[in-house]
Amino acid sequence: MMRIGFLGPGLMGTGMAMSLARAHPVITTLHRNRAHEGRLLGAGITVLASVEAVAEQADVLFLCLPNADVVRDVVERVRGVLTPGAMIVDTSTSLPSVTREIAVDLSHSRIALIDAPVTGGPAESEAGTLVSMVGASETDFARVEPFLQLTSKTIVRMGPPGTGHAAKLINNFITQGQAALTVEAMRRCDSVGVDMTRMVEVISASGSRSGTFMAIMPPVVAGHYDGLKFSLENAAKDVRYARAMFADAGVPSRLIEDGLAAFFDAETRDWPPETYVSGLMRKRP
């Protein structure tokens, strides 16, 4: 039984830490949002005072952090206390270029950085039924796969370090596009004389149906605006990262430049950044 450190036990990270704790001792530190502390302690997870204290005791260190800048900062803080041969498993949604840079840097200290971002929501996180997209060498993938089997029902090695994060940005380009189209279209139902409830019934049975649509709209019809528990801040960040990745690769997307980026820029001017994407279906503040 290897000791697993987990940094970033927030909305998604808490469930992942609990899934890992079913088979291994897990240690973590407090998240800025203390709402999940009781669940962590109830799962037998040890809570320490600092990220350095967690890393010092961990054989494998999982990260579930807000963005690439935070990942870079945390890695700098813990690299001096991790033992050679340790693995850092970054489940965040991050920039592939930053991931590759960190992976090369850590390799000089014999520490492996594995990018393993996930799809799914908090319920799938706690149930251990996420989907993991993994960037790792074949050797490191064989080492990390048994741990990912505790958090994910589907695990796909995409290629070397950085490709997991690239795949996640492709995935989120699609899902954020679906979310933006859903909100943009459904907010206009009343204006064109279409009953939104009936429209949801039609789309739910048609080719326009998607997992994103079903997460947003049936709850909205029922008066709930948290069906898609993904913040506007994170959605906008994912769009920026995908935009940068495409530009760096020499394949800029007019759809993301002229469509998604403009949509999320406009929404973040009108709504608090912590607003769930589903919450955009409320009347504007």
# chains A, B, ... in the order shown; residues from 1 in each chain; ligands from 1
>>> residues_around(residues="stretch 218-229 of chain A", least_positions_apart="5", cutoff="7 Å", atoms="only C-alpha atoms", output="list of chain:residue names")
A:Thr197, A:Val200, A:Tyr276, A:Val277, A:Ser278, A:Gly279
>>> select_by_dssp(residues="stretch 32-250 of chain A", states="strand (DSSP E or B)", output="ChimeraX atom specification")
/A:46-48,60-63,87-90,112-115,118-119,130-135,152-159,231
>>> write_last_selection(atoms="N, CA and C atoms", output="short mmCIF file (atom, residue, chain, number, x, y, z; two decimals), in the first residue's frame")
data_model
loop_
_atom_site.label_atom_id
_atom_site.label_comp_id
_atom_site.auth_asym_id
_atom_site.auth_seq_id
_atom_site.Cartn_x
_atom_site.Cartn_y
_atom_site.Cartn_z
N THR A 46 -6.11 11.73 5.94
CA THR A 46 -5.37 12.57 6.88
C THR A 46 -5.18 13.96 6.29
N VAL A 47 -5.47 14.98 7.08
CA VAL A 47 -5.33 16.37 6.62
C VAL A 47 -4.14 17.00 7.33
N LEU A 48 -3.15 17.43 6.54
CA LEU A 48 -1.95 18.06 7.08
C LEU A 48 -1.97 19.57 6.81
N VAL A 60 3.14 8.81 -4.16
CA VAL A 60 2.51 9.30 -5.38
C VAL A 60 1.75 10.56 -5.00
N LEU A 61 1.91 11.63 -5.79
CA LEU A 61 1.28 12.90 -5.47
C LEU A 61 0.31 13.28 -6.58
N PHE A 62 -0.99 13.32 -6.26
CA PHE A 62 -2.02 13.74 -7.21
C PHE A 62 -2.26 15.24 -7.07
N LEU A 63 -2.47 15.90 -8.21
CA LEU A 63 -2.81 17.31 -8.24
C LEU A 63 -4.16 17.48 -8.92
N MET A 87 6.09 9.86 -8.30
CA MET A 87 5.26 10.28 -9.43
C MET A 87 4.36 11.44 -9.01
N ILE A 88 4.26 12.43 -9.87
CA ILE A 88 3.25 13.48 -9.74
C ILE A 88 2.22 13.23 -10.83
N VAL A 89 0.97 13.09 -10.43
CA VAL A 89 -0.12 12.81 -11.37
C VAL A 89 -1.01 14.04 -11.41
N ASP A 90 -0.95 14.77 -12.52
CA ASP A 90 -1.66 16.04 -12.63
C ASP A 90 -3.00 15.83 -13.33
N ALA A 112 8.71 11.62 -12.04
CA ALA A 112 7.88 11.55 -13.25
C ALA A 112 6.66 12.44 -13.09
N LEU A 113 6.40 13.25 -14.12
CA LEU A 113 5.14 14.00 -14.18
C LEU A 113 4.24 13.33 -15.21
N ILE A 114 3.07 12.94 -14.76
CA ILE A 114 2.09 12.27 -15.61
C ILE A 114 0.85 13.15 -15.66
N ASP A 115 0.44 13.55 -16.85
CA ASP A 115 -0.80 14.31 -16.96
C ASP A 115 -1.94 13.35 -17.20
N VAL A 118 -9.31 14.52 -16.40
CA VAL A 118 -10.48 13.65 -16.38
C VAL A 118 -11.69 14.35 -16.97
N THR A 119 -12.67 13.55 -17.40
CA THR A 119 -14.01 14.05 -17.70
C THR A 119 -14.98 13.36 -16.76
N LEU A 130 -14.79 8.09 -13.53
CA LEU A 130 -14.36 9.14 -14.43
C LEU A 130 -13.74 8.54 -15.69
N VAL A 131 -13.39 9.40 -16.63
CA VAL A 131 -12.61 9.02 -17.81
C VAL A 131 -11.28 9.76 -17.73
N SER A 132 -10.17 9.03 -17.79
CA SER A 132 -8.84 9.63 -17.69
C SER A 132 -8.14 9.60 -19.03
N MET A 133 -7.58 10.74 -19.43
CA MET A 133 -6.75 10.86 -20.63
C MET A 133 -5.32 11.07 -20.15
N VAL A 134 -4.42 10.16 -20.49
CA VAL A 134 -3.13 10.11 -19.83
C VAL A 134 -2.00 10.43 -20.80
N GLY A 135 -1.12 11.32 -20.36
CA GLY A 135 0.12 11.60 -21.07
C GLY A 135 1.28 11.07 -20.25
N SER A 152 -11.27 5.93 -12.18
CA SER A 152 -11.81 6.03 -13.54
C SER A 152 -12.28 4.69 -14.08
N LYS A 153 -13.37 4.72 -14.84
CA LYS A 153 -13.86 3.51 -15.51
C LYS A 153 -13.18 3.33 -16.86
N THR A 154 -12.72 4.42 -17.47
CA THR A 154 -12.04 4.39 -18.76
C THR A 154 -10.73 5.13 -18.65
N ILE A 155 -9.64 4.48 -19.06
CA ILE A 155 -8.30 5.07 -18.97
C ILE A 155 -7.64 4.89 -20.33
N VAL A 156 -7.27 5.99 -20.96
CA VAL A 156 -6.67 5.93 -22.29
C VAL A 156 -5.34 6.66 -22.27
N ARG A 157 -4.27 5.94 -22.63
CA ARG A 157 -2.98 6.60 -22.81
C ARG A 157 -2.98 7.30 -24.16
N MET A 158 -2.83 8.63 -24.14
CA MET A 158 -2.88 9.41 -25.37
C MET A 158 -1.53 9.52 -26.05
N GLY A 159 -0.45 9.34 -25.27
CA GLY A 159 0.90 9.50 -25.80
C GLY A 159 1.83 9.98 -24.71
N SER A 231 -17.81 25.96 -13.34
CA SER A 231 -17.89 27.41 -13.20
C SER A 231 -17.57 28.13 -14.50
#
>>> residues_around(residues="A:Asp270", least_positions_apart="3", cutoff="10 Å", atoms="only C-alpha atoms", output="mmCIF file with all heavy atoms, in the first residue's frame")
data_model
loop_
_atom_site.group_PDB
_atom_site.id
_atom_site.type_symbol
_atom_site.label_atom_id
_atom_site.label_comp_id
_atom_site.auth_asym_id
_atom_site.auth_seq_id
_atom_site.Cartn_x
_atom_site.Cartn_y
_atom_site.Cartn_z
ATOM 1 N N PHE A 264 -17.647 33.708 -23.982
ATOM 2 C CA PHE A 264 -17.242 33.661 -22.577
ATOM 3 C C PHE A 264 -16.689 34.986 -22.089
ATOM 4 O O PHE A 264 -16.852 35.343 -20.920
ATOM 5 C CB PHE A 264 -16.261 32.511 -22.347
ATOM 6 C CG PHE A 264 -16.943 31.167 -22.296
ATOM 7 C CD1 PHE A 264 -16.815 30.266 -23.326
ATOM 8 C CD2 PHE A 264 -17.751 30.839 -21.230
ATOM 9 C CE1 PHE A 264 -17.468 29.043 -23.294
ATOM 10 C CE2 PHE A 264 -18.414 29.618 -21.183
ATOM 11 C CZ PHE A 264 -18.272 28.723 -22.215
ATOM 12 N N ASP A 265 -16.054 35.765 -22.969
ATOM 13 C CA ASP A 265 -15.626 37.114 -22.572
ATOM 14 C C ASP A 265 -16.834 37.953 -22.180
ATOM 15 O O ASP A 265 -16.819 38.671 -21.164
ATOM 16 C CB ASP A 265 -14.873 37.793 -23.722
ATOM 17 C CG ASP A 265 -13.465 37.263 -23.901
ATOM 18 O OD1 ASP A 265 -12.983 36.547 -22.998
ATOM 19 O OD2 ASP A 265 -12.858 37.548 -24.956
ATOM 20 N N ALA A 266 -17.901 37.881 -22.985
ATOM 21 C CA ALA A 266 -19.102 38.658 -22.689
ATOM 22 C C ALA A 266 -19.762 38.196 -21.392
ATOM 23 O O ALA A 266 -20.188 39.023 -20.562
ATOM 24 C CB ALA A 266 -20.085 38.550 -23.857
ATOM 25 N N GLU A 267 -19.839 36.870 -21.188
ATOM 26 C CA GLU A 267 -20.510 36.346 -19.998
ATOM 27 C C GLU A 267 -19.750 36.706 -18.723
ATOM 28 O O GLU A 267 -20.353 37.004 -17.689
ATOM 29 C CB GLU A 267 -20.698 34.839 -20.109
ATOM 30 C CG GLU A 267 -21.593 34.398 -21.265
ATOM 31 C CD GLU A 267 -22.993 34.975 -21.199
ATOM 32 O OE1 GLU A 267 -23.486 35.261 -20.087
ATOM 33 O OE2 GLU A 267 -23.593 35.155 -22.267
ATOM 34 N N PRO A 273 -17.552 35.131 -11.532
ATOM 35 C CA PRO A 273 -16.788 34.031 -12.120
ATOM 36 C C PRO A 273 -17.136 32.658 -11.572
ATOM 37 O O PRO A 273 -16.952 31.653 -12.251
ATOM 38 C CB PRO A 273 -15.332 34.397 -11.800
ATOM 39 C CG PRO A 273 -15.406 35.376 -10.672
ATOM 40 C CD PRO A 273 -16.687 36.107 -10.868
ATOM 41 N N LEU A 280 -26.208 30.470 -16.276
ATOM 42 C CA LEU A 280 -26.382 31.474 -17.320
ATOM 43 C C LEU A 280 -27.808 31.476 -17.857
ATOM 44 O O LEU A 280 -28.206 32.408 -18.569
ATOM 45 C CB LEU A 280 -25.393 31.253 -18.461
ATOM 46 C CG LEU A 280 -23.902 31.327 -18.096
ATOM 47 C CD1 LEU A 280 -23.043 31.079 -19.323
ATOM 48 C CD2 LEU A 280 -23.570 32.682 -17.473
ATOM 49 N N ARG A 284 -30.427 37.731 -16.486
ATOM 50 C CA ARG A 284 -29.147 38.405 -16.285
ATOM 51 C C ARG A 284 -29.169 39.238 -15.017
ATOM 52 O O ARG A 284 -30.198 39.840 -14.680
ATOM 53 C CB ARG A 284 -28.805 39.301 -17.476
ATOM 54 C CG ARG A 284 -28.456 38.525 -18.730
ATOM 55 C CD ARG A 284 -28.015 39.471 -19.842
ATOM 56 N NE ARG A 284 -27.677 38.736 -21.045
ATOM 57 C CZ ARG A 284 -26.503 38.191 -21.292
ATOM 58 N NH1 ARG A 284 -25.542 38.308 -20.398
ATOM 59 N NH2 ARG A 284 -26.273 37.544 -22.409
ATOM 60 N N PRO A 285 -28.028 39.286 -14.295
ATOM 61 C CA PRO A 285 -27.992 40.070 -13.060
ATOM 62 C C PRO A 285 -28.103 41.567 -13.341
ATOM 63 O O PRO A 285 -27.836 42.009 -14.444
ATOM 64 C CB PRO A 285 -26.614 39.719 -12.471
ATOM 65 C CG PRO A 285 -25.788 39.280 -13.636
ATOM 66 C CD PRO A 285 -26.750 38.622 -14.584
#
>>> select_by_dssp(residues="stretch 25-256 of chain A", states="alpha helix (DSSP H)", output="MDAnalysis selection string")
chainID A and resid 37:42 51:57 68:78 96:107 122:127 138:148 163:186 196:204 211:221 232:248 254:255
>>> residues_around(residues="A:Val75", least_positions_apart="4", cutoff="10 Å", atoms="only C-alpha atoms", output="number ranges by chain")
A: 51-52, 55, 63, 70-71, 79-80, 82, 88, 102, 106, 113
>>> write_last_selection(atoms="N, CA, C and O atoms", output="PDB file, in the first residue's frame")
ATOM      1  N   VAL A  51       1.255  21.904   1.761  1.00  0.00           N
ATOM      2  CA  VAL A  51       1.508  21.046   0.605  1.00  0.00           C
ATOM      3  C   VAL A  51       2.855  20.350   0.745  1.00  0.00           C
ATOM      4  O   VAL A  51       3.023  19.194   0.318  1.00  0.00           O
ATOM      5  N   GLU A  52       3.818  21.027   1.349  1.00  0.00           N
ATOM      6  CA  GLU A  52       5.130  20.415   1.544  1.00  0.00           C
ATOM      7  C   GLU A  52       5.050  19.215   2.482  1.00  0.00           C
ATOM      8  O   GLU A  52       5.699  18.191   2.255  1.00  0.00           O
ATOM      9  N   ALA A  55       3.590  16.310   0.509  1.00  0.00           N
ATOM     10  CA  ALA A  55       4.551  15.751  -0.449  1.00  0.00           C
ATOM     11  C   ALA A  55       5.642  14.951   0.245  1.00  0.00           C
ATOM     12  O   ALA A  55       6.108  13.936  -0.277  1.00  0.00           O
ATOM     13  N   LEU A  63      -2.465  15.897  -8.206  1.00  0.00           N
ATOM     14  CA  LEU A  63      -2.812  17.314  -8.237  1.00  0.00           C
ATOM     15  C   LEU A  63      -4.163  17.481  -8.922  1.00  0.00           C
ATOM     16  O   LEU A  63      -4.419  16.867  -9.952  1.00  0.00           O
ATOM     17  N   VAL A  70      -0.862  27.693 -11.200  1.00  0.00           N
ATOM     18  CA  VAL A  70      -0.894  27.094  -9.861  1.00  0.00           C
ATOM     19  C   VAL A  70      -0.145  25.766  -9.865  1.00  0.00           C
ATOM     20  O   VAL A  70       0.592  25.445  -8.925  1.00  0.00           O
ATOM     21  N   VAL A  71      -0.297  24.979 -10.923  1.00  0.00           N
ATOM     22  CA  VAL A  71       0.444  23.715 -11.032  1.00  0.00           C
ATOM     23  C   VAL A  71       1.938  23.984 -10.963  1.00  0.00           C
ATOM     24  O   VAL A  71       2.678  23.333 -10.215  1.00  0.00           O
ATOM     25  N   ARG A  79       8.935  19.868  -5.111  1.00  0.00           N
ATOM     26  CA  ARG A  79       9.944  19.039  -5.774  1.00  0.00           C
ATOM     27  C   ARG A  79      11.122  18.745  -4.868  1.00  0.00           C
ATOM     28  O   ARG A  79      11.736  17.671  -4.973  1.00  0.00           O
ATOM     29  N   GLY A  80      11.440  19.644  -3.949  1.00  0.00           N
ATOM     30  CA  GLY A  80      12.588  19.439  -3.076  1.00  0.00           C
ATOM     31  C   GLY A  80      12.364  18.418  -1.979  1.00  0.00           C
ATOM     32  O   GLY A  80      13.325  17.939  -1.379  1.00  0.00           O
ATOM     33  N   LEU A  82      10.068  15.650  -2.488  1.00  0.00           N
ATOM     34  CA  LEU A  82       9.717  14.357  -3.067  1.00  0.00           C
ATOM     35  C   LEU A  82      10.973  13.506  -3.248  1.00  0.00           C
ATOM     36  O   LEU A  82      12.043  14.030  -3.583  1.00  0.00           O
ATOM     37  N   ILE A  88       4.260  12.433  -9.871  1.00  0.00           N
ATOM     38  CA  ILE A  88       3.253  13.480  -9.740  1.00  0.00           C
ATOM     39  C   ILE A  88       2.219  13.227 -10.827  1.00  0.00           C
ATOM     40  O   ILE A  88       2.559  13.153 -12.013  1.00  0.00           O
ATOM     41  N   ILE A 102       7.529  21.153 -17.483  1.00  0.00           N
ATOM     42  CA  ILE A 102       7.705  20.655 -16.117  1.00  0.00           C
ATOM     43  C   ILE A 102       8.194  19.208 -16.130  1.00  0.00           C
ATOM     44  O   ILE A 102       9.046  18.820 -15.324  1.00  0.00           O
ATOM     45  N   LEU A 106      11.496  17.963 -14.209  1.00  0.00           N
ATOM     46  CA  LEU A 106      11.446  17.004 -13.105  1.00  0.00           C
ATOM     47  C   LEU A 106      12.227  15.732 -13.403  1.00  0.00           C
ATOM     48  O   LEU A 106      12.713  15.053 -12.485  1.00  0.00           O
ATOM     49  N   LEU A 113       6.397  13.254 -14.116  1.00  0.00           N
ATOM     50  CA  LEU A 113       5.143  14.003 -14.180  1.00  0.00           C
ATOM     51  C   LEU A 113       4.241  13.335 -15.206  1.00  0.00           C
ATOM     52  O   LEU A 113       4.616  13.172 -16.369  1.00  0.00           O
TER      53      LEU A 113
END
>>> atom_distance(atom1="atom CA of A:Arg209", atom2="atom CA of A:Thr182")
10.0 Å
>>> closest_residue(among="A:Glu274, A:Asp195, A:Glu145, A:Asp248", to="A:Ala236", atoms="only C-alpha atoms")
A:Glu274
>>> closest_residue(among="A:Val26, A:Ala242, A:Leu260, A:Gly10", to="A:Gly121", atoms="only C-alpha atoms")
A:Gly10
>>> closest_residue(among="A:Leu65, A:Ile203, A:Leu232, A:Val78", to="A:Thr268", atoms="only C-alpha atoms")
A:Leu232
